[in-house]
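Written out below as structure tokens is the structure these notes cover.
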Amino acid sequence: MATVAETTLRKILSNARIKPFQVSYYCERRDPEFDEKMHDVLVIYKQIEMQFDEDGKLIPFEKEAVHTLSYDEKPGIQAIATTGEDRPPIPNTDKNSGYQRDYEYVRLGTLSLLAAIDLLSGEAIPFVSETHKSSDFVTFLKKLDEKYPKGDIIRIILDNHSAHTSKETQEYLNTISGRFEFVFTPKHGSWLNMIEGFFSKMTKQMLGGIRVETKKELENRIYRYFDEINKEPVPYKWTYKMDTIDLSKEDIDSIVYEVVNAKAASAENKTKKAPKPISRKRKSIQN
């Protein structure tokens with residue numbers, strides 16, 4: 001190879017369609033139980049699907065009410081200010097003209113968005129904070145506890161972030177045992193959480209290119225975006241691999257579980273860190 005001319009090497013790489021100067025990334029499935037855990041999440045989505053009739057109307061709860069939400073955090077939302085006024089588009093030019101903006105900008109800091117989507121109603125529930133620590137997650141849980149009728153179950157689909165199983169989170173859940181149920185997505189399986197699609201849409205519609213004068217203005221505009229979305233909420237639908245699931249053969253109780261169980265809530269364990277999501281084997285229900 002040391003004697004090959006540069007032009008020859010370029011031809012070889014070009015013919016083989018190899019571009020060594022480009023780097024793309026992939027995510028390897030390192031969770032040996034990825035498929036099983038993915039199936040558990042899809043079963044919940046299938047259960048949600050069955051709660052709507054042929055016309056897309058929600059069927060009232062027959063027994064205990066279970067509100068299922070898709071939850072995640074979006075940290076590091078930058079509050080950026082301009083250094084000069086935007087210039088309006090110029091009509092009748094040779095090129096397509098859009099707004100012109102000064103390249104320079106001022107960083108005002110960042111905000112974190114904690115949000116959930118009610119998969120039955122389509123309502124999006126936001127909480128904007130300076131951080132996304134355990135205390136922020138507990139504040140969000142308290143917000144949900146106040147929102148939904150007492151006695152109803154609040155089921156949350158979420159990832160394995162440490163704040164979701166922290167000591168502080170556990171101590172709060174110990175005070176309202178049975179109120180919340182958590183369903184964890186597998187590691188590197190964030191795409192299974194429906195709110196990820198909502199965040200992507202929000203970034204394109206509202207956050208991309210946004211400029212503000214203060215962090216408070218950014219917070220207000222985020223809340224205003226949610227207010228506009230919730231004027232006509234649309235329940236999210238999931239279709240991937242749903243046709244293969246038969247709810248009559250699934251044991252829902254073995255899939256959903258509380259972070260704080262009886263052992264964790266006992267007096268000798270109440271100050272310890274909440275248990276991490278565990279492997280759960282599904283039990284087939286014989287007809």
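Ligands are numbered from 1 in the order shown, chains are lettered A, B, ... in the order of the structure tokens, and residues start at 1 in each chain.
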
Which of segment 58-170 of chain A end up as alpha helix (DSSP H) when DSSP is run on this backbone - answer as a VMD selection string?
chain A and resid 134 to 147 167 to 170

Sel. of strand (DSSP E) residues, segment 68-286 of chain A, as an NGL selection string
:A and (68-82 or 105-118 or 124-129 or 153-158 or 180-184)

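Considering the residues A:His164, A:Lys74, A:Arg10, A:Lys133 and counting only C-alpha atoms, Gly197 of chain A has its shortest atom-to-atom contact with A:Lys74.
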
Do you know which residues are at most 12 Å from Asp159 of chain A counting only C-alpha atoms, after dropping those on the same chain fewer than 5 positions away, and could you put them as number ranges by chain?
A: 37-38, 41, 70-73, 164-165, 182-196, 276-277

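Interatomic distance, atom CA of Thr110 of chain A to atom CA of Ala81 of chain A: 12.0 Å.
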
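With distances restricted to only C-alpha atoms, A:Ile229 is the closest residue to Lys201 of chain A from A:Ala16, A:Leu113, A:Ile176, A:Ile229.
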
Given only C-alpha atoms, how would the per-residue table for segment 167-265 of chain A near segment 57-65 of chain A read, listing every residue at most 12 Å away with its closest atom pair and distance in Å to one decimal, sorted by chain and number, as a Markdown table?
```
| residue | atom | partner | partner_atom | distance |
| --- | --- | --- | --- | --- |
| A:Arg179 | CA | A:Ala65 | CA | 11.2 |
| A:Val234 | CA | A:Lys57 | CA | 11.3 |
| A:Pro235 | CA | A:Leu58 | CA | 10.0 |
```
